[in-house]
Structures are given as structure tokens and as C-alpha cells.
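Novice: A single structure is presented below for examination.
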Amino acid sequence: MESAQLSFWCRCLAHRSFVVGGCLTGVLALSAIVSLVWTPWDPIKQNLRERFVAPSWEHLLGTDQFGRDIFSIIMQGAQNSITVGIVSVSIGMAFGVALGLWASAKRGWTEELVMRASDFMYAFPAILLAIMLVATLGQGAINAIVAIGIFSIPVFARLTRGAANAIWAREFVLAARAAGKGKFRITIEHILPNIISVLVVQATIQFALAILAEAALSFLGLGAQPPTPSWGRMLNEARSMIFINPWLAVYPGVAIAVAVLGLNLLGDGLRDVIDPRLARKR
Amino acid sequence: MTLLSVENLSVTLKTVRGPARAVRNLSFDLEKGKTLGIVGESGCGKSLTALAIMGLLPENGWADGRVTLGGENLLDYSEDQMCHVRGDRIGMVFQEPMTSLNPLHTVGKQIAEAMILHRGMNRGEARAEVIRLLDLVGIPQPAKRVGSYPHQLSGGQRQRVMIAIALSCGPELLIADEPTTALDVTIQKQILDLIKNLIEDLGMAMILISHNLAVISQNVQDVIVMYGGTRVESGPTNAVFSDLSHPYSQGLFSAVPQIDDTKASRRRLTTIPGTVPELADLPAGCTFQERCIYVTDACRPTPPPVVQVGEGHNVACLHIEAARTAWGAR
């Protein structure tokens with residue numbers, strides 16, 4: 001067992017996109033964690049005498065139109081993005097996976113109902129749905145997170161139901177039923193452990209999508225409200241000054257791109273690394 | 001004393017071509033501690049019979065008739081009630097040991113589960129019992145093997161684990177659905193001997209399902225030959241095999257290759273002409289009519305009557321005399 005775990009980590013380290021994605025995601029997580037206790041400058045405090053300062057050792061990425069240190073804002077913005085990612089993916093997974101497993105265990109009209117409802121939600125463009133929900137629930141960071149979480153429910157529901165149906169058709173499930181196990185026990189003991197790898201991969205990808213969606217909502221002014229630092233709102237604020245100081249738009253843009261790229265690479269890497277067909281070649 | 005009684009069991013599958021009656025009006029009784037073999041080619045309904053008894057028919061199938069275990073009709077049981085029958089009162093061994101175990105759990109855990117579920121054992125008690133069972137089914141170093149994952153065991157060992165799972169709660173009935181088909185011949189014999197000895201020691205009844213006549217002839221007391229979802233011949237194994245009376249059973253038997261150095265063994269292997277009829281549009285009358293060499297117009301309108309040709313030996317055919325004469329003169 002120990003050697004199996006060891007070989008798992010060896011495979012991880014040998015996988016290029018897993019390592020790159022892991023590093024980028026690590027940087028994201030690290031900056032969010034560090035910013036909880038320390039940032040080079042106070043990201044909220046304005047200093048109107050030092051507006052639009054060029055990058056220097058004092059202000060690594062310069063300052064914005066209110067004289068705030070951009071590096072500090074970007075660092076703290078990571079907190080916002082990670083919170084959005086974690087909470088909305090948790091919402092999506094909790095409901096989506098439960099619905100998918102339920103549909104797959106019940107079959108019949110229950111499955112039809114859950115899947116058609118998912119298709120219905122899927123038919124709306126995600127960001128449009130989020131805007132709609134935020135418009136109904138009222139703007140704000142929490143509502144944005146909930147909206148993003150809700151639109152990832154059908155993604156997880158469909159994925160779970162598909163993967164679970166494939167496991168239900170396997171012979172060991174029939175054998176488990178022949179041993180007298182009920183559908184609930186089989187779902188928990190046999191179905192879920194066998195589809196968890198697919199779900200983990202999808203979770204990283206949904207995480208990236210959630211960050212992107214939150215940035216979009218914040219850009220439109222529907223997400224995190226000032227003064228909470230948010231990459232999407234930074235982009236929006238920079239928009240009006242794009243000809244005066246284009247760098248203001250570049251930094252949050254790069255931050256969003258790096259976070260999304262890192263999570264996607266990590267997801268791809270994870271998919272390869274935890275594929276059981278590769279894992280069996282010990 | 002009758003343990004399991006199957007009366008007029010019919011299994012219908014909903015298919016794109018309409019309802020397919022995969023098992024029709026099958027009846028048999030199984031005494032406590034007795035063994036019954038069901039033999040027939042692929043698609044004759046033998047596995048579906050087993051699944052119908054277990055209440056594990058696929059989504060698109062349903063069963064009619066009566067399946068009585070200890071006086072109660074299992075077909076009336078709810079899914080919850082069936083969960084208490086499966087594994088506890090009826091154990092089942094499947095064909096494919098390679099895929100019948102969950103690759104993510106240790107074999108010890110998988111054997112223990114049924115006992116924890118049905119016998120209310122705690123983990124510690126169950127573990128001791130698992131070791132005893134693994135030893136019983138002939139797995140070396142059972143205490144060490146408890147923590148093995150299925151991929152660390154060979155096919156034969158996995159089938160032994162499956163047998164241990166089926167036996168764990170001491171069921172009254174064991175259903176073995178082609179338990180040795182996926183194994184090679186030497187392992188096949190070991191596994192069959194193991195099953196045979198265990199059911200004798202534990203006093204269980206068994207239904208052994210196989211397409212292999214040799215497996216059936218050596219391991220069960222009674223046999224049912226099925227064709228196209230119906231019983232064509234049945235009786236005590238010795239009587240049936242020494243006096244095959246249905247043209248289909250005879251055809252099945254002549255299709256077994258004989259390995260001896262006589263002239264007869266060098267002849268072309270006899271086959272039954274044609275293929276199994278489509279279950280969705282079975283002919284009226286005898287199911288075997290399309291492939292039978294004795295067929296006459298009388299076979300076509302109604303199913304043939306069941307005729308007793310010996311002590312408990314029943315045959316469903318109109319031309320038993322012709323078939324028996326030809327078989328005797330062979």
C-alpha cells in the first residue's frame with residue numbers, strides 16, 4: 001500500500017501539466033493564504049499623492065488611481081476567487097452529485113425528471129443564468145457565489161448520473177445486490193468510490209469556471225462589492241483608464257488567466273494520474 | 001421437505017421487437033439439501049431463471065408465477081424484503097470472478113459486509129469469521145489474504161472469494177450461475193469439488209447453472225434441460241443421462257466432442273442445425289420444431305405434452321418413441 005502511494009506521487013511528479021498546474025494553483029492558494037495575515041501594503045487604504053506610480057521595489061506592480069498598491073490588491077483578490085471557487089463547487093457538487101446518484105439508483109421517471117431538469121438548466125448560457133439569478137436575489141458576493149454554485153449543479157448531476165450508470169451495469173454491483181445490499185448502501189459503498197476520480201477532475205475544472213464566472217459577474221458590478229478586492233472589478237475599474245494606464249487592466253487579467261490555466265492544467269493532470277488503467281501498471 | 005418451489009415461472013423482457021418471453025411456465029421443486037442442475041445453450045433462459053428467483057431481473061424484465069421459499073412467494077416481496085433474502089437465505093455465485101468483485105475494496109471487507117449486514121456482527125467478529133471462511137474455501141494464508149485487493153488474486157482465488165461471500169451467512173440455497181465457465185479446466189474441477197463438498201458439509205441446497213453437460217452430469221442429483229425458455233426434459237441426473245429422450249437433449253449430448261481413439265471419434269462433430277429462435281417471436285407449439293429432425297405437423301399448433309418416461313423423468317415431446325429408438329440404435 002505504501003509503495004502504491006509512493007508510485008502515485010511519482011506519477012504525479014512525472015506528469016508535466018500536473019506539475020505546472022499544481023505550481024500555478026499553489027501560487028494562487030499561497031497568495032490567498034498569505035494575504036489573510038500579511039500584504040505589502042494595506043490593499044484598501046488610499047494614498048492620493050501616489051496615484052499611478054510605476055512598478056518599483058516599493059510597489060511591485062505600481063499603484064492604481066487611488067494610490068493603492070496593486071500587488072496587495074491582487075493578492076487579496078485571490079482570497080475572493082478561491083472562496084468563490086470552493087463554495088460554489090461545494091454547492092454544485094453537494095446537490096449535483098446527490099441528484100445524479102439518486103437518479104441513477106432510482107432509474108425510471110425519477111431519472112428522466114432529474115435529467116430533463118438538468119438539460120433545461122444546461123440550455124441557458126451559464127453566465128446569463130448567473131446574471132438572472134443575481135438580478136433576482138440581489139447583487140453581492142454571496143449571491144454571486146450561490147448563483148455560480150447553482151449553475152454547476154446540472155454539470156455535476158449529469159456527469160454523476162452517467163458515470164454511476166456505468167458502474168451500476170458492472171457485475172460486482174449485481175454481486176453486491178445478490179449479497180443483499182440495498183440501493184443506498186451500494187450507492188455509498190460501490191458507486192461513489194468508483195466515480196470519485198471523475199468527480200475530482202470535474203471539480204477542478206468547475207473551480208476554474210467558477211473563478212471566471214465570478215470575475216465576469218464582478219466586472220458587470222454584480223459580484224463582490226467595493227472595497228472587497230476582486231479581480232473582475234479591478235478589470236472594470238481599469239477599463240475607463242485603459243488609454244491612460246493600460247497596465248491596470250493587464251494585472252488582474254493575468255491573474256485570472258493564470259488561475260484558470262493552472263486549475264485546468266491541474267485537472268487534466270489529475271485525470272491522467274488517477275486513471276485506474278494507468279494505475280494498474282505497477 | 002421442499003425448500004424452493006417454482007410454479008409456472010415466466011420471465012418477460014421488454015425489447016424493441018416487443019415482449020420476449022424468455023422463460024415460459026417453468027416449474028420445479030427443490031428439496032432441502034438437494035442439488036439441481038439447469039443446462040441449456042446461451043439464451044435458453046437459465047440465467048434469467050436464477051435472476052428471477054433472486055429478484056434481480058434487469059430493468060426491462062418482470063416475472064410471473066410463483067417462487068416459493070419456505071412457504072412465501074418471493075415474487076410478492078418488496079425490494080426491502082428481498083434484501084433480507086438475498087445473501088442471507090439465498091447465496092449466489094456468478095460467472096465472472098474477474099469482474100464480480102469491487103476493485104476498490106479488500107476481499108476481507110467484501111466478505112465481511114454480508115455478515116455485518118445480515119448477522120449484525122461487528123468488524124472484529126466479522127474479521128475472524130472471514131479468516132475462517134477464506135480457510136474453508138481453500139485460500140492459503142487466509143489471515144494475510146484478508147487485506148488483499150481483488151487484483152492481487154488469481155481468477156480461481158477470486159471465485160473462491162465469491163463462494164466465501166455466497167456462503168458467509170449460511171444460506172439455505174446456493175445458486176451457482178456458470179461458476180466455472182471463466183476458469184480453466186483444472187481450476188474448474190477444484191472449484192466444483194469445493195462447492196460440492198461445502199454444500200454437502202453445510203447441508204445446503206444448490207441450483208447449478210451451466211451449459212457444460214459434463215459439469216452438470218457429475219455435480220447434481222437432478223437436472224433440467226431448457227430450450228428456448230421452456231423445460232424440455234428433466235429428472236434424476238443418472239436417469240436422464242443414461243436415457244436421453246428429447247431430441248434436443250440428444251442433440252446437445254452428441255455435440256460434445258469425444259476424445260478416444262475409436263473410429264467414432266474421427267467422424268465429424270455432430271451439431272444441431274439452425275439457431276435458437278428469436279425470443280420475441282417464438283413459434284406456437286414446440287419451441288424446438290424449427291431444428292428438430294422428428295418434426296411433424298402435429299408439433300406446430302400446441303406445445304407438446306409432458307410425458308413421464310421413467311421414475312421422475314419427464315420429457316416434453318410428441319415423438320419420444322422415435323427419438324428413443326434412434327438414440328438406442330446409435
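We label chains A, B, ... in the order they appear in the C-alpha cells, count residues from 1 in each chain, and number ligands from 1 in the order shown.
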So that each row is one residue of chain A with an atom at most 7 Å from chain B, can you give its shortest atom pair and the distance in Å to one decimal, using only C-alpha atoms, rows by chain and rising number, as JSON lines?

Specialist:
```
{"residue": "A:Glu171", "atom": "CA", "partner": "B:Ser100", "partner_atom": "CA", "distance": 5.0}
{"residue": "A:Phe172", "atom": "CA", "partner": "B:Ser100", "partner_atom": "CA", "distance": 3.9}
{"residue": "A:Ala175", "atom": "CA", "partner": "B:Ser100", "partner_atom": "CA", "distance": 6.0}
{"residue": "A:Ala178", "atom": "CA", "partner": "B:Arg86", "partner_atom": "CA", "distance": 5.4}
{"residue": "A:Ala179", "atom": "CA", "partner": "B:Gly87", "partner_atom": "CA", "distance": 3.9}
{"residue": "A:Gly180", "atom": "CA", "partner": "B:Cys83", "partner_atom": "CA", "distance": 4.3}
{"residue": "A:Lys181", "atom": "CA", "partner": "B:Cys83", "partner_atom": "CA", "distance": 6.0}
{"residue": "A:Gly182", "atom": "CA", "partner": "B:Cys83", "partner_atom": "CA", "distance": 6.2}
```

Novice: Save out the residues we just selected, C-alpha atoms, as a PDB file, in the first residue's frame.

Specialist:
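Saved to part-v4.pdb:
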```pdb
ATOM      1  CA  GLU A 171     -21.057  -7.226 -12.439  1.00  0.00           C
ATOM      2  CA  PHE A 172     -19.751  -6.516  -8.947  1.00  0.00           C
ATOM      3  CA  ALA A 175     -22.951  -9.436  -6.951  1.00  0.00           C
ATOM      4  CA  ALA A 178     -27.117 -10.658  -4.650  1.00  0.00           C
ATOM      5  CA  ALA A 179     -25.409 -10.370  -1.257  1.00  0.00           C
ATOM      6  CA  GLY A 180     -28.478  -8.484  -0.058  1.00  0.00           C
ATOM      7  CA  LYS A 181     -27.325  -4.884  -0.130  1.00  0.00           C
ATOM      8  CA  GLY A 182     -29.880  -2.171  -0.693  1.00  0.00           C
TER       9      GLY A 182
END
```

Novice: Name the residues in contact with segment 70-77 of chain B at a cut-off of 9 Å, using only C-alpha atoms, excluding same-chain residues fewer than 6 positions from it; report them as a ChimeraX atom specification.

Specialist: /B:2-5,52-55,63-64,85

Novice: Could you write out the selected residues, including C-alpha atoms, as a PDB file, in the first residue's frame?

Specialist:
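out-v4.pdb written:
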```
ATOM      1  CA  THR B   2     -39.499 -28.746  -0.187  1.00  0.00           C
ATOM      2  CA  LEU B   3     -37.236 -25.736   0.163  1.00  0.00           C
ATOM      3  CA  LEU B   4     -37.796 -23.906  -3.086  1.00  0.00           C
ATOM      4  CA  SER B   5     -40.800 -24.353  -5.272  1.00  0.00           C
ATOM      5  CA  ALA B  52     -35.919 -14.114 -11.263  1.00  0.00           C
ATOM      6  CA  ILE B  53     -35.573 -16.239  -8.122  1.00  0.00           C
ATOM      7  CA  MET B  54     -33.227 -13.617  -6.680  1.00  0.00           C
ATOM      8  CA  GLY B  55     -35.473 -10.740  -7.744  1.00  0.00           C
ATOM      9  CA  ALA B  63     -41.572 -12.345 -13.660  1.00  0.00           C
ATOM     10  CA  ASP B  64     -44.961 -14.026 -13.318  1.00  0.00           C
ATOM     11  CA  VAL B  85     -33.481 -12.901   1.429  1.00  0.00           C
TER      12      VAL B  85
END
```

Novice: Have a look at A:Gln206, A:Gln65, A:Thr83, A:Asn143 and name the one nearest to Ala29 of chain A; count only C-alpha atoms.

Specialist: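 Of A:Gln206, A:Gln65, A:Thr83, A:Asn143, the one nearest Ala29 of chain A is A:Thr83, counting only C-alpha atoms.
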
Novice: For a test of reading the model, state the distance in Å between atom CA of Val97 of chain A and atom CA of Gly85 of chain A, rounded to one decimal.

Specialist: 16.8 Å

Novice: At what distance in Å, to one decimal, does atom CA of Ile33 of chain A lie from atom CA of Leu48 of chain A?

Specialist: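 Calculated distance between atom CA of Leu48 of chain A and atom CA of Ile33 of chain A is 28.3 Å.
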
Novice: How many Å separate atom CA of Ile73 of chain A from atom CA of Tyr251 of chain A?

Specialist: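 Between these atoms lies a distance of 10.2 Å.
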
Novice: Rank nothing, just name the residue among A:Ala147, A:Pro229, A:Val20, A:Pro125 nearest to Leu263 of chain A, using only C-alpha atoms.

Specialist: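 The shortest atom-to-atom distance to Leu263 of chain A comes from A:Val20.
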
Novice: Do you know which residues are at most 10 Å from segment 265-279 of chain B counting only C-alpha atoms, after dropping those on the same chain fewer than 4 positions away, and could you put them as JSON, numbers by chain?

Specialist: {"B": [12, 13, 15, 17, 18, 19, 20, 21, 22, 23, 41, 42, 43, 44, 45, 227, 228, 229, 247, 248, 250, 251, 252, 253, 254, 255, 256, 257, 258, 259, 260, 261, 283, 287, 288, 289, 290, 291, 292, 293]}

Novice: For the selection you just gave me, I'd like the residues written to a file as a CSV table (one decimal), in the first residue's frame, keeping C-alpha atoms.

Specialist:
```
chain,number,residue,atom,x,y,z
B,12,THR,CA,-40.8,-11.5,-19.9
B,13,LEU,CA,-38.4,-8.9,-21.3
B,15,THR,CA,-37.5,-5.4,-26.2
B,17,ARG,CA,-39.2,-6.1,-31.1
B,18,GLY,CA,-42.0,-6.5,-28.5
B,19,PRO,CA,-42.2,-8.5,-25.3
B,20,ALA,CA,-39.9,-11.5,-25.4
B,21,ARG,CA,-40.9,-14.4,-23.2
B,22,ALA,CA,-37.5,-15.6,-22.1
B,23,VAL,CA,-38.8,-18.2,-19.6
B,41,GLU,CA,-27.4,-23.2,-24.6
B,42,SER,CA,-27.0,-19.5,-24.4
B,43,GLY,CA,-30.2,-17.6,-24.3
B,44,CYS,CA,-32.4,-20.5,-23.2
B,45,GLY,CA,-33.4,-18.6,-20.0
B,227,TYR,CA,-34.6,-24.9,-24.5
B,228,GLY,CA,-36.0,-21.5,-25.7
B,229,GLY,CA,-37.3,-20.7,-22.2
B,247,PRO,CA,-34.4,-34.7,-29.5
B,248,TYR,CA,-32.8,-31.5,-28.2
B,250,GLN,CA,-29.8,-35.9,-27.6
B,251,GLY,CA,-28.5,-33.2,-30.0
B,252,LEU,CA,-26.8,-31.4,-27.1
B,253,PHE,CA,-25.2,-34.6,-26.0
B,254,SER,CA,-23.9,-35.6,-29.4
B,255,ALA,CA,-22.4,-32.2,-29.9
B,256,VAL,CA,-19.9,-32.9,-27.0
B,257,PRO,CA,-16.6,-33.9,-28.6
B,258,GLN,CA,-15.5,-37.4,-27.6
B,259,ILE,CA,-11.8,-37.9,-27.0
B,260,ASP,CA,-11.0,-41.5,-27.6
B,261,ASP,CA,-9.1,-43.2,-30.4
B,283,PRO,CA,-43.3,-20.3,-32.8
B,287,THR,CA,-40.1,-24.4,-29.4
B,288,PHE,CA,-37.6,-26.8,-30.9
B,289,GLN,CA,-39.7,-27.5,-34.1
B,290,GLU,CA,-37.5,-25.5,-36.5
B,291,ARG,CA,-34.4,-27.6,-35.7
B,292,CYS,CA,-35.9,-31.0,-34.9
B,293,ILE,CA,-35.3,-33.9,-37.2
```
